[in-house]
Structures are given as C-alpha cells and as structure tokens.
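Visitor: What follows is a single structure, and I will ask about it in a moment.
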Amino acid sequence: MKFSKFGQKFTQPTGISQLMDDLGDALKSDQPVNMLGGGNPAKIDAVNELFLETYKALGVDNDAGVPNSSAIISMANYSNPQGDAGFIDALVGFFNRHYDWNLTADNIALTNGSQNAFFYLFNLFGGAFTEENSESVDKSILLPLTPEYIGYSDVHVEGQHFTAVLPHIDEVTHDGEEGFFKYSVDFEALENLPALKEGRIGAICCSRPTNPTGNVLTDDEMAHLSEIAKRYDIPLIIDNAYGMPFPNIIYSDVNLNWDNNTILCFSLSKIGLPGMRTGIIVADAKVIEAVSAMNAVVNLAPTRFGAAIATPLVANDRIKQLSDNEIKPFYQQQATLAVTLLKEALGDYPLMIHKPEGAIFFWLWFKDLPITTLELYERLKEKGTLIVPSEYFFPGVDVSDYQHAHECIRMSIAADEQTLTDGIKVIGEVVRELYDEK
C-alpha cells in the first residue's frame, strides 16, 4: 500500500505526534509516570464543578426535570460551517462588552480546536501564491520570536513554510531572584528579513503567552508587529490559547487589541475542556468566510457540544470570573512552587528559567549541557518522567547551527503537587549527574 505525498507528510514522525503519543501512553500505563510533557490543563475542582453543573443543566428545563432540547440539539444536529450560531452570538456580545471591538457574527468562526484553526490559517496564508502578474510566489508564515509552539511545525499541506527570527536573550530577575532570562523580539533582524522585503511573507504569527516558554510579548512589541503587518498588507495572527480573557493565564500587565488586520485565535482547551475540541477565530469577515468554507469541506461543521456548555458561561461572564478567580491564581501558585523545587534541585548548577509570565509551562535552559535535550528526554523517559525537548520548538530555524536550541526543555506545571515534586526531583538527579560527569 502506497501513500501520496500528502499521506507521506502526515505519517512521518513529528514532534507533535510524539508528544500526543507519549501523553496517551502515560495515561494507559500501569506504571507511575511523572507527566510533565503534555499540554493537558490542570484538574481544578472549582472549574470541573462549574462545567459539570452546566453540563447537567443542558438536560433539564429549569427545575421541572423535563428533558430540554438544548442538549439534544447540540448532539443531534449540525451547525452551519461557521459554527454554532448561539455561541457565536454570545461571543460577539462578550467581546464587545469587554473590549468594544464592534464585532458582528460575521467576525467569528468556530473550529474543532485551535490546532484545526492553525491548519486552516497557515495554509490560507502560507504556500504557493499566484500574483497579479501570474507569477508564482512561495510565501511563508513569519514567526517573529522563536522558540514557538510545537504544533505549528507540520500543519502545512506541502512542506514547511516558515521564516523565523531568533530572539534577544536577556538575563533578568524574578521576584528579586537571579537565575532567570527572558526572550524579546529582535526587530532589527526582523525588519531586515529579505523574505519580508521581497513579498515572500504571507502572515505574521505569535503566541501570547508563548507556548513553550511562558513569555508574554509586551504591548510595545505587539504594536510594532501590528504596524509591520499593516505596512506589508499581511495579517497578524495571535494565538491566544493561554491568554486574555479566558483562560487568562497571564501575569503581565498587558492589553488585548483587535482590528480588521488582526486574527485572534482562542480555545476552550485550557479553561479545562480540551476534549471538546472547540477553537474560536476572530477576524475580518473575508477570513471568516474562508474558514467556514474550509470547515464545510474538512468537517462539514464544527462540533457543537463545547459550544453548548460554554454559551451560558460566556453570556453571563462566568467564564471570565472562572479564569480570573480560579484558573489564573492556580497556575501562579504552581509557578511559585515549581521555581522553589527547581532551585532546590539545581540551585548550584547552570540552570536558567525563562521568566514565568503566563501559560502552563516552564522553559528550562541548561547552559553547556553535555548532551542534547533529545538525549536528555530519553534518559528522563527511562526514569518515568516526561518532558519535551527544545529541538522541536524552532520551526523555520536550522537548529544544527544553534546550540541554544539543544539546551532547553519544556516542562508542564499543570500536574498535581506530588507529580510536580517527583518529576522535578528526577530532572534534578539526571541533570546533576550529567554535569558532574562532564
């Protein structure tokens, strides 16, 4: 049996497939696994209780106990390809209420998760273009700050179409402590990219907070990126899966902005509903029309059950209250614990922690690590601890000549306290041994 080039591309090993396979294997394993490598959100009691309460309410009509059509409608009927109309209307009201963006239903489409959304968007704006003079031009997605999300790397139908800019790396303090660093955009390098000047960039994309590092681009950086995108008549795509207003796992004092040249992508995954596979795109109506058309071909229509649960929570702002009062504080507490444990495990060794500014991960840099983090990953896996090696997080970069890309790991802080403690203990033991043998 032979596969087409399309089939061969999607059946070859990838970072995201390894990540999801390891997550699935860990869940099935009879042996204890310190799962610090996946992207699953934490199990927060208050969050789960609200979702369960909302789920149960879908099946009854007020207090009468009579079966209600809302649950059946969401399960037994397609939406149109744009997505569940009731949820879209609730989102329009929510965003206009909190941000005064003057959205209409024409500005929002739903997808089966944000990974689905980026498959659409990166293939809409990256790849082969036919210009007005009938010339063919191959355009890339510009990542202004790498490392970036592992799931971006392989979504293009034909090959990879990325141009990336390596970051400025600055040593900083965090809560008065040394041992931290922060990435920032190298705008001089970005503005001088030949691909940008020659019209070979189809869109700019960044995640905020950044997966994998927890970095939050400043308002000034975002404004500068927006200005560049408008100057070159390309969209600015912002992956807001961890950001404002939900799940709001973001600790910096920053703002969220939108205009017709900006594409915002949200998700219900990190508020605690990853199995619902519900992504949200806010964009110009032309982009929404294109996404809806792609939905019709690929999915017929987006799944509706996540929308059914989220609609009342968006309409009454409980989703924002949940994010502000439960989700964000939980991860802030986890971040504080993780810093303490890492300092205890590796305080006298060359560990640098990216300044925790948001998201559900820590990005650890082991300067002059004697082995690559791909090899470190295997050693930790043998000891029942899963992380993700840094090599996978640099789409558009030739990492063979960039040592920093072989010295970092992504570690989830969404696990329970015991798993986090045990996992960091194993990381400390293995890394100390490596440096001591050097």
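To be explicit about the labels: the chains of the structure tokens are called A, B, and onward in the order shown, and within each one the residues are counted from 1, while ligands get numbers from 1 in the order they are shown.
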Show which residues sit within 7 Å of A:Ala345, as a PyMOL selection string. Count only C-alpha atoms, and ignore same-chain residues fewer than 2 positions away.

Guide: chain A and resi 341-343+347+425+428

Visitor: Taking only C-alpha atoms into account, produce a table as a Markdown table in which each residue of stretch 180-273 of chain A with an atom at most 10 Å from an atom of stretch 82-99 of chain A appears once, together with its shortest atom pair and the distance in Å to one decimal, ordered by chain and rising number.

Guide:
| residue | atom | partner | partner_atom | distance |
| --- | --- | --- | --- | --- |
| A:Pro245 | CA | A:His98 | CA | 9.0 |
| A:Asn255 | CA | A:Tyr99 | CA | 9.9 |
| A:Leu256 | CA | A:Tyr99 | CA | 8.2 |
| A:Asn257 | CA | A:Tyr99 | CA | 7.9 |
| A:Trp258 | CA | A:Tyr99 | CA | 8.8 |

Visitor: Mind writing the picked residues with N, CA, C and O atoms as a PDB file, in the first residue's frame?

Guide:
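Final output, out-v4.pdb:
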ATOM      1  N   PRO A 245      -9.242  36.828  27.225  1.00  0.00           N
ATOM      2  CA  PRO A 245      -9.787  36.940  28.585  1.00  0.00           C
ATOM      3  C   PRO A 245     -10.007  35.591  29.246  1.00  0.00           C
ATOM      4  O   PRO A 245     -10.246  35.510  30.434  1.00  0.00           O
ATOM      5  N   ASN A 255      -2.429  44.471  27.412  1.00  0.00           N
ATOM      6  CA  ASN A 255      -3.765  44.646  26.844  1.00  0.00           C
ATOM      7  C   ASN A 255      -3.962  43.738  25.642  1.00  0.00           C
ATOM      8  O   ASN A 255      -3.005  43.308  24.986  1.00  0.00           O
ATOM      9  N   LEU A 256      -5.239  43.458  25.357  1.00  0.00           N
ATOM     10  CA  LEU A 256      -5.606  42.660  24.188  1.00  0.00           C
ATOM     11  C   LEU A 256      -6.315  43.567  23.197  1.00  0.00           C
ATOM     12  O   LEU A 256      -7.331  44.197  23.531  1.00  0.00           O
ATOM     13  N   ASN A 257      -5.789  43.635  21.976  1.00  0.00           N
ATOM     14  CA  ASN A 257      -6.354  44.511  20.948  1.00  0.00           C
ATOM     15  C   ASN A 257      -6.723  43.699  19.709  1.00  0.00           C
ATOM     16  O   ASN A 257      -6.165  42.634  19.439  1.00  0.00           O
ATOM     17  N   TRP A 258      -7.667  44.244  18.956  1.00  0.00           N
ATOM     18  CA  TRP A 258      -8.074  43.620  17.699  1.00  0.00           C
ATOM     19  C   TRP A 258      -8.441  44.703  16.695  1.00  0.00           C
ATOM     20  O   TRP A 258      -8.973  45.767  17.046  1.00  0.00           O
TER      21      TRP A 258
END

Visitor: Return as CSV the residues of stretch 99-124 of chain A lying at most 10 Å from stretch 188-203 of chain A, together with the closest atom-to-atom pair for each and the distance in Å to one decimal, counting only C-alpha atoms, with rows in chain order and ascending residue number.

Guide:
residue,atom,partner,partner_atom,distance
A:Leu121,CA,A:Ala203,CA,9.1
A:Phe122,CA,A:Ala203,CA,8.2
A:Asn123,CA,A:Gly202,CA,9.8
A:Leu124,CA,A:Gly202,CA,8.6

Visitor: Output N, CA and C atoms for every residue in the selection just made, as an mmCIF file, in the first residue's frame.

Guide:
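New file selection.cif:
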data_model
loop_
_atom_site.group_PDB
_atom_site.id
_atom_site.type_symbol
_atom_site.label_atom_id
_atom_site.label_comp_id
_atom_site.auth_asym_id
_atom_site.auth_seq_id
_atom_site.Cartn_x
_atom_site.Cartn_y
_atom_site.Cartn_z
ATOM 1 N N LEU A 121 -5.454 28.410 8.821
ATOM 2 C CA LEU A 121 -4.860 29.739 8.637
ATOM 3 C C LEU A 121 -3.485 29.671 7.984
ATOM 4 N N PHE A 122 -2.661 28.709 8.410
ATOM 5 C CA PHE A 122 -1.320 28.639 7.843
ATOM 6 C C PHE A 122 -1.347 28.193 6.388
ATOM 7 N N ASN A 123 -2.345 27.403 6.005
ATOM 8 C CA ASN A 123 -2.468 27.029 4.600
ATOM 9 C C ASN A 123 -3.168 28.099 3.773
ATOM 10 N N LEU A 124 -3.949 28.951 4.417
ATOM 11 C CA LEU A 124 -4.530 30.103 3.721
ATOM 12 C C LEU A 124 -3.474 31.144 3.381
#

Visitor: May I ask for the distance between atom CA of A:Leu52 and atom CA of A:Gly39, given in Å to one decimal place?

Guide: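 Rounded to one decimal, the two atoms are 21.7 Å apart.
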
Visitor: Could the residues of stretch 183-224 of chain A that have an atom at most 6 Å from stretch 236-243 of chain A be listed as JSON lines, each with its closest atom pair and the distance in Å to one decimal, counting only C-alpha atoms and ordered by chain and ascending residue number?

Guide:
{"residue": "A:Ile204", "atom": "CA", "partner": "A:Leu236", "partner_atom": "CA", "distance": 4.9}
{"residue": "A:Cys205", "atom": "CA", "partner": "A:Ile237", "partner_atom": "CA", "distance": 4.5}
{"residue": "A:Cys206", "atom": "CA", "partner": "A:Ile238", "partner_atom": "CA", "distance": 5.3}
{"residue": "A:Ser207", "atom": "CA", "partner": "A:Asp239", "partner_atom": "CA", "distance": 4.3}
{"residue": "A:Arg208", "atom": "CA", "partner": "A:Asn240", "partner_atom": "CA", "distance": 5.6}
{"residue": "A:Pro209", "atom": "CA", "partner": "A:Gly243", "partner_atom": "CA", "distance": 5.9}

Visitor: Would you kindly return, as a list in words, each protein, DNA or RNA residue with an atom no farther than 12 Å from any atom of A:Pro32, considering only C-alpha atoms and excluding same-chain residues fewer than 5 positions away?

Guide: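 Selected residues are Asp25, Ala26, Leu27, Lys381, Glu382, Lys383, Gly384, Thr385, Leu386, Gln418, Thr419, Asp422 and Gly423 of chain A.
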
Visitor: What lies within 8 Å of A:Ile280 using only C-alpha atoms, ignoring chain neighbours under 3 positions off, as a list in words?

Guide: Ile108, Ala109, Leu110, Thr111, Gly113, Ser114, Ala117, Cys265, Phe266 and Ser267 of chain A

Visitor: At a cut-off of 10 Å, can you tabulate as CSV every residue of stretch 196-229 of chain A near stretch 406-412 of chain A together with its closest atom pair and the distance in Å to one decimal, using only C-alpha atoms and ordering rows by chain then number?

Guide:
residue,atom,partner,partner_atom,distance
A:Asn211,CA,A:Arg410,CA,8.9
A:Pro212,CA,A:Arg410,CA,6.1
A:Thr213,CA,A:Arg410,CA,7.2
A:Gly214,CA,A:Arg410,CA,9.8

Visitor: Quick one: DSSP alpha helix (DSSP H) residues in stretch 60-296 of chain A, as JSON, numbers by chain?

Guide: {"A": [69, 70, 71, 72, 73, 74, 75, 76, 85, 86, 87, 88, 89, 90, 91, 92, 93, 94, 95, 96, 97, 98, 99, 114, 115, 116, 117, 118, 119, 120, 121, 122, 123, 124, 125, 187, 188, 189, 190, 191, 194, 195, 196, 197, 219, 220, 221, 222, 223, 224, 225, 226, 227, 228, 229, 230, 231, 285, 286, 287, 288, 289, 290, 291, 292, 293, 294, 295, 296]}

Visitor: Counting only C-alpha atoms, which residues of stretch 44-136 of chain A sit at most 6 Å from some atom of stretch 294-304 of chain A, and what is each one's closest atom pair with its distance in Å to one decimal, listed by chain and rising residue number, as JSON lines?

Guide:
{"residue": "A:Ser74", "atom": "CA", "partner": "A:Arg304", "partner_atom": "CA", "distance": 5.3}
{"residue": "A:Ser79", "atom": "CA", "partner": "A:Ala301", "partner_atom": "CA", "distance": 5.9}
{"residue": "A:Asn80", "atom": "CA", "partner": "A:Ala301", "partner_atom": "CA", "distance": 5.9}
{"residue": "A:Pro81", "atom": "CA", "partner": "A:Ala301", "partner_atom": "CA", "distance": 4.3}
{"residue": "A:Gly83", "atom": "CA", "partner": "A:Pro302", "partner_atom": "CA", "distance": 5.6}
{"residue": "A:Thr111", "atom": "CA", "partner": "A:Pro302", "partner_atom": "CA", "distance": 5.3}
{"residue": "A:Asn112", "atom": "CA", "partner": "A:Pro302", "partner_atom": "CA", "distance": 5.5}

Visitor: With only C-alpha atoms as the counted atoms, please give the residues lying no more than 12 Å from A:Pro147, apart from itself and same-chain residues fewer than 2 positions off, as a CSV table (one decimal) with N, CA, C and O atoms, in the first residue's frame.

Guide:
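Now in selection30.csv:
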chain,number,residue,atom,x,y,z
A,143,LEU,N,7.4,33.9,12.0
A,143,LEU,CA,7.4,33.8,13.4
A,143,LEU,C,8.4,34.8,14.0
A,143,LEU,O,9.6,34.5,13.9
A,144,PRO,N,8.0,35.9,14.6
A,144,PRO,CA,8.9,36.9,15.0
A,144,PRO,C,9.7,36.6,16.2
A,144,PRO,O,10.7,37.3,16.5
A,145,LEU,N,9.3,35.5,16.9
A,145,LEU,CA,10.1,35.1,18.1
A,145,LEU,C,10.1,33.6,18.2
A,145,LEU,O,9.0,33.0,18.4
A,149,TYR,N,5.4,27.4,19.3
A,149,TYR,CA,4.5,26.2,19.6
A,149,TYR,C,4.9,25.0,18.7
A,149,TYR,O,5.0,25.2,17.5
A,150,ILE,N,5.1,23.9,19.3
A,150,ILE,CA,5.5,22.7,18.6
A,150,ILE,C,4.4,22.3,17.5
A,150,ILE,O,4.8,21.7,16.5
A,151,GLY,N,3.2,22.6,17.8
A,151,GLY,CA,2.1,22.1,16.8
A,151,GLY,C,2.0,22.9,15.6
A,151,GLY,O,1.3,22.5,14.6
A,152,TYR,N,2.8,24.0,15.4
A,152,TYR,CA,2.8,24.8,14.2
A,152,TYR,C,3.5,24.0,13.1
A,152,TYR,O,3.2,24.2,11.9
A,153,SER,N,4.6,23.3,13.5
A,153,SER,CA,5.6,22.9,12.5
A,153,SER,C,5.1,22.2,11.3
A,153,SER,O,5.7,22.4,10.2
A,164,ALA,N,11.6,32.4,10.5
A,164,ALA,CA,11.7,32.7,11.9
A,164,ALA,C,12.8,33.6,12.3
A,164,ALA,O,13.9,33.6,11.6
A,165,VAL,N,12.6,34.3,13.4
A,165,VAL,CA,13.6,35.2,13.9
A,165,VAL,C,14.1,34.8,15.2
A,165,VAL,O,13.2,34.5,16.1
A,166,LEU,N,15.4,34.6,15.4
A,166,LEU,CA,15.9,34.2,16.7
A,166,LEU,C,15.8,35.4,17.7
A,166,LEU,O,15.8,36.5,17.3
A,167,PRO,N,15.6,35.1,19.0
A,167,PRO,CA,15.3,36.1,20.0
A,167,PRO,C,16.6,36.8,20.5
A,167,PRO,O,17.7,36.3,20.5
A,168,HIS,N,16.4,38.0,21.1
A,168,HIS,CA,17.3,38.5,22.1
A,168,HIS,C,17.1,37.7,23.3
A,168,HIS,O,16.0,37.4,23.7
A,169,ILE,N,18.2,37.4,24.0
A,169,ILE,CA,18.1,36.7,25.3
A,169,ILE,C,18.8,37.6,26.4
A,169,ILE,O,20.0,37.9,26.3
A,182,LYS,N,14.9,36.1,29.8
A,182,LYS,CA,13.6,36.5,29.0
A,182,LYS,C,14.0,36.7,27.5
A,182,LYS,O,15.0,37.3,27.2
A,183,TYR,N,13.1,36.2,26.7
A,183,TYR,CA,13.3,36.4,25.2
A,183,TYR,C,12.5,37.7,24.9
A,183,TYR,O,11.5,38.1,25.4
A,184,SER,N,13.1,38.4,23.9
A,184,SER,CA,12.4,39.6,23.3
A,184,SER,C,12.6,39.6,21.8
A,184,SER,O,13.6,38.9,21.3
A,185,VAL,N,11.8,40.2,21.0
A,185,VAL,CA,11.8,40.2,19.6
A,185,VAL,C,13.0,41.1,19.1
A,185,VAL,O,13.2,42.2,19.5
A,206,CYS,N,2.3,34.9,16.2
A,206,CYS,CA,2.9,34.7,17.5
A,206,CYS,C,1.9,34.2,18.5
A,206,CYS,O,0.7,34.4,18.4
A,207,SER,N,2.4,33.5,19.5
A,207,SER,CA,1.5,33.0,20.6
A,207,SER,C,1.8,33.9,21.8
A,207,SER,O,2.9,34.4,22.1
A,210,THR,N,3.5,32.8,25.2
A,210,THR,CA,4.1,31.9,24.3
A,210,THR,C,4.2,30.5,24.8
A,210,THR,O,4.6,30.2,26.0
A,211,ASN,N,3.7,29.5,24.0
A,211,ASN,CA,4.0,28.1,24.3
A,211,ASN,C,5.2,27.8,23.4
A,211,ASN,O,5.1,28.0,22.1
A,212,PRO,N,6.3,27.5,23.9
A,212,PRO,CA,6.6,26.8,25.2
A,212,PRO,C,7.1,27.6,26.3
A,212,PRO,O,7.3,27.0,27.4
A,213,THR,N,7.4,28.8,26.2
A,213,THR,CA,8.3,29.5,27.2
A,213,THR,C,7.6,30.2,28.3
A,213,THR,O,8.2,30.5,29.3
A,214,GLY,N,6.3,30.5,28.1
A,214,GLY,CA,5.6,31.4,29.1
A,214,GLY,C,5.9,32.8,28.9
A,214,GLY,O,5.5,33.7,29.7
A,215,ASN,N,6.6,33.2,27.8
A,215,ASN,CA,7.0,34.6,27.6
A,215,ASN,C,5.7,35.3,27.1
A,215,ASN,O,4.8,34.8,26.5
A,354,HIS,N,13.2,30.5,32.1
A,354,HIS,CA,12.6,31.6,31.5
A,354,HIS,C,11.6,32.3,32.4
A,354,HIS,O,10.8,31.6,33.1
A,363,TRP,N,10.1,26.9,30.8
A,363,TRP,CA,11.1,26.6,29.8
A,363,TRP,C,12.5,26.7,30.5
A,363,TRP,O,12.8,27.8,31.0
A,389,PRO,N,11.7,18.0,24.6
A,389,PRO,CA,13.0,18.6,24.2
A,389,PRO,C,12.8,19.8,23.3
A,389,PRO,O,11.9,19.9,22.6
A,390,SER,N,13.8,20.7,23.4
A,390,SER,CA,13.7,22.0,22.8
A,390,SER,C,13.8,22.0,21.3
A,390,SER,O,13.3,22.9,20.6
A,391,GLU,N,14.4,21.0,20.7
A,391,GLU,CA,14.7,20.9,19.3
A,391,GLU,C,13.4,21.1,18.4
A,391,GLU,O,13.5,21.6,17.3
A,392,TYR,N,12.3,20.7,19.0
A,392,TYR,CA,11.0,20.7,18.2
A,392,TYR,C,10.4,22.1,18.1
A,392,TYR,O,9.4,22.3,17.4
A,393,PHE,N,10.9,23.0,18.9
A,393,PHE,CA,10.2,24.3,19.0
A,393,PHE,C,10.8,25.4,18.2
A,393,PHE,O,10.6,26.6,18.5
A,394,PHE,N,11.5,25.1,17.2
A,394,PHE,CA,12.2,26.1,16.3
A,394,PHE,C,11.8,25.9,14.9
A,394,PHE,O,12.7,25.8,14.0
A,395,PRO,N,10.5,26.0,14.5
A,395,PRO,CA,10.2,25.9,13.1
A,395,PRO,C,10.8,27.1,12.3
A,395,PRO,O,10.8,28.2,12.8
A,396,GLY,N,11.3,26.8,11.2
A,396,GLY,CA,11.9,27.9,10.4
A,396,GLY,C,13.4,28.2,10.7
A,396,GLY,O,14.0,29.1,10.1
A,397,VAL,N,14.0,27.4,11.6
A,397,VAL,CA,15.3,27.6,12.1
A,397,VAL,C,16.2,26.3,11.8
A,397,VAL,O,15.7,25.2,12.1
A,399,VAL,N,18.4,24.3,13.3
A,399,VAL,CA,18.9,24.2,14.7
A,399,VAL,C,20.3,23.5,14.8
A,399,VAL,O,20.9,23.5,15.9
A,402,TYR,N,22.6,26.1,15.9
A,402,TYR,CA,22.1,27.0,17.0
A,402,TYR,C,22.1,26.2,18.3
A,402,TYR,O,21.2,25.4,18.6
A,404,HIS,N,21.8,26.8,21.4
A,404,HIS,CA,20.7,27.1,22.4
A,404,HIS,C,19.5,26.2,22.2
A,404,HIS,O,18.8,25.8,23.2
A,405,ALA,N,19.2,25.8,20.9
A,405,ALA,CA,18.1,25.0,20.6
A,405,ALA,C,18.2,23.6,21.1
A,405,ALA,O,17.3,22.8,21.0
A,406,HIS,N,19.4,23.2,21.6
A,406,HIS,CA,19.7,21.8,22.0
A,406,HIS,C,19.9,21.8,23.6
A,406,HIS,O,20.3,20.8,24.1
A,408,CYS,N,17.5,23.3,26.0
A,408,CYS,CA,16.3,23.7,26.7
A,408,CYS,C,15.3,22.5,26.7
A,408,CYS,O,15.3,21.7,25.9
A,409,ILE,N,14.4,22.6,27.7
A,409,ILE,CA,13.3,21.6,27.8
A,409,ILE,C,12.0,22.4,28.2
A,409,ILE,O,12.1,23.4,28.8
A,410,ARG,N,10.9,21.9,27.7
A,410,ARG,CA,9.6,22.4,28.2
A,410,ARG,C,9.0,21.5,29.2
A,410,ARG,O,9.0,20.3,29.0

Visitor: Any idea what's packed within 8 Å of A:Asp154, counting only C-alpha atoms, ignoring anything in its chain fewer than 5 positions away? Could you give it as a list in words?

Guide: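 Close residues of A:Asp154: Phe10, Thr14, Gly159 and Gln160 of chain A.
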
Visitor: Hey, which bits of stretch 216-281 of chain A sit within 12 Å of stretch 355-359 of chain A, and for each residue what's the closest pair of atoms and how far apart in Å (one decimal), counting only C-alpha atoms, rows by chain and increasing number, as a Markdown table?

Guide:
| residue | atom | partner | partner_atom | distance |
| --- | --- | --- | --- | --- |
| A:Val216 | CA | A:Glu357 | CA | 6.0 |
| A:Leu217 | CA | A:Glu357 | CA | 9.6 |
| A:Thr218 | CA | A:Glu357 | CA | 10.8 |
| A:Asp239 | CA | A:Ala359 | CA | 11.7 |
| A:Asn240 | CA | A:Ala359 | CA | 10.0 |
| A:Ala241 | CA | A:Ala359 | CA | 8.6 |
| A:Tyr242 | CA | A:Ala359 | CA | 5.3 |
| A:Gly243 | CA | A:Ala359 | CA | 7.5 |
| A:Met244 | CA | A:Gly358 | CA | 10.5 |
| A:Phe246 | CA | A:Ala359 | CA | 11.4 |
| A:Pro247 | CA | A:Ala359 | CA | 9.2 |
| A:Asn248 | CA | A:Gly358 | CA | 8.4 |
| A:Ile249 | CA | A:Gly358 | CA | 5.2 |
| A:Ile250 | CA | A:Gly358 | CA | 4.1 |
| A:Tyr251 | CA | A:Glu357 | CA | 5.2 |
| A:Ser252 | CA | A:Glu357 | CA | 6.1 |
| A:Asp253 | CA | A:Glu357 | CA | 9.9 |
| A:Val254 | CA | A:Glu357 | CA | 10.9 |
| A:Lys270 | CA | A:Ala359 | CA | 9.0 |
| A:Ile271 | CA | A:Ala359 | CA | 11.3 |

Visitor: Would you write out those residues with N, CA and C atoms, as an mmCIF file, in the first residue's frame?

Guide:
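Output (selection_8.cif):
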data_model
loop_
_atom_site.group_PDB
_atom_site.id
_atom_site.type_symbol
_atom_site.label_atom_id
_atom_site.label_comp_id
_atom_site.auth_asym_id
_atom_site.auth_seq_id
_atom_site.Cartn_x
_atom_site.Cartn_y
_atom_site.Cartn_z
ATOM 1 N N VAL A 216 5.599 36.579 27.523
ATOM 2 C CA VAL A 216 4.495 37.430 27.087
ATOM 3 C C VAL A 216 5.077 38.629 26.346
ATOM 4 N N LEU A 217 4.768 38.721 25.066
ATOM 5 C CA LEU A 217 5.207 39.883 24.302
ATOM 6 C C LEU A 217 4.573 41.139 24.876
ATOM 7 N N THR A 218 5.346 42.204 25.003
ATOM 8 C CA THR A 218 4.846 43.450 25.583
ATOM 9 C C THR A 218 3.873 44.138 24.634
ATOM 10 N N ASP A 239 -2.047 33.760 18.581
ATOM 11 C CA ASP A 239 -2.510 32.548 19.245
ATOM 12 C C ASP A 239 -2.723 32.881 20.721
ATOM 13 N N ASN A 240 -3.986 32.972 21.099
ATOM 14 C CA ASN A 240 -4.349 33.434 22.439
ATOM 15 C C ASN A 240 -4.855 32.288 23.315
ATOM 16 N N ALA A 241 -4.362 31.066 23.049
ATOM 17 C CA ALA A 241 -4.893 29.889 23.736
ATOM 18 C C ALA A 241 -4.748 29.957 25.247
ATOM 19 N N TYR A 242 -3.719 30.673 25.723
ATOM 20 C CA TYR A 242 -3.482 30.778 27.169
ATOM 21 C C TYR A 242 -3.740 32.185 27.697
ATOM 22 N N GLY A 243 -4.165 33.085 26.828
ATOM 23 C CA GLY A 243 -4.193 34.490 27.193
ATOM 24 C C GLY A 243 -5.549 35.022 27.599
ATOM 25 N N MET A 244 -5.670 36.336 27.514
ATOM 26 C CA MET A 244 -6.898 37.025 27.887
ATOM 27 C C MET A 244 -7.985 36.781 26.837
ATOM 28 N N PHE A 246 -9.944 34.511 28.463
ATOM 29 C CA PHE A 246 -10.022 33.168 29.031
ATOM 30 C C PHE A 246 -9.033 32.276 28.296
ATOM 31 N N PRO A 247 -8.229 31.537 29.018
ATOM 32 C CA PRO A 247 -8.223 31.254 30.454
ATOM 33 C C PRO A 247 -7.488 32.295 31.291
ATOM 34 N N ASN A 248 -6.916 33.301 30.647
ATOM 35 C CA ASN A 248 -6.246 34.416 31.325
ATOM 36 C C ASN A 248 -5.076 33.954 32.186
ATOM 37 N N ILE A 249 -4.315 32.988 31.696
ATOM 38 C CA ILE A 249 -3.114 32.556 32.415
ATOM 39 C C ILE A 249 -1.975 33.466 31.975
ATOM 40 N N ILE A 250 -2.036 34.677 32.433
ATOM 41 C CA ILE A 250 -1.100 35.709 32.010
ATOM 42 C C ILE A 250 -0.920 36.679 33.173
ATOM 43 N N TYR A 251 0.336 36.905 33.556
ATOM 44 C CA TYR A 251 0.614 37.674 34.770
ATOM 45 C C TYR A 251 1.126 39.084 34.491
ATOM 46 N N SER A 252 1.483 39.373 33.260
ATOM 47 C CA SER A 252 1.979 40.702 32.904
ATOM 48 C C SER A 252 0.809 41.672 32.763
ATOM 49 N N ASP A 253 1.104 42.935 32.938
ATOM 50 C CA ASP A 253 0.097 43.983 32.784
ATOM 51 C C ASP A 253 0.072 44.414 31.324
ATOM 52 N N VAL A 254 -0.716 43.695 30.522
ATOM 53 C CA VAL A 254 -0.779 43.963 29.088
ATOM 54 C C VAL A 254 -2.233 44.041 28.646
ATOM 55 N N LYS A 270 -7.774 25.209 27.381
ATOM 56 C CA LYS A 270 -7.004 25.493 28.586
ATOM 57 C C LYS A 270 -7.863 26.037 29.730
ATOM 58 N N ILE A 271 -9.148 26.273 29.465
ATOM 59 C CA ILE A 271 -10.031 26.535 30.597
ATOM 60 C C ILE A 271 -10.508 25.222 31.205
#

Visitor: Give the answer as one residue: which of A:Asn325, A:Asn40, A:Ser4, A:Gln12 has the shortest atom-to-atom distance to A:Gly275, using only C-alpha atoms?

Guide: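 Closest to A:Gly275 of all the choices is A:Asn40.
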
Visitor: Name the residues of stretch 150-327 of chain A that fall into strand (DSSP E or B) according to DSSP on the backbone, using the chain letters and numbers of this document, as a PyMOL selection string.

Guide: chain A and resi 162-164+168-174+177-184+201-207+236-239+250+262-267+279-282

Visitor: Would you work out the distance separating atom CA of A:Leu142 from atom CA of A:Pro235, expressed in Å to one decimal?

Guide: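 Between these atoms lies a distance of 10.5 Å.
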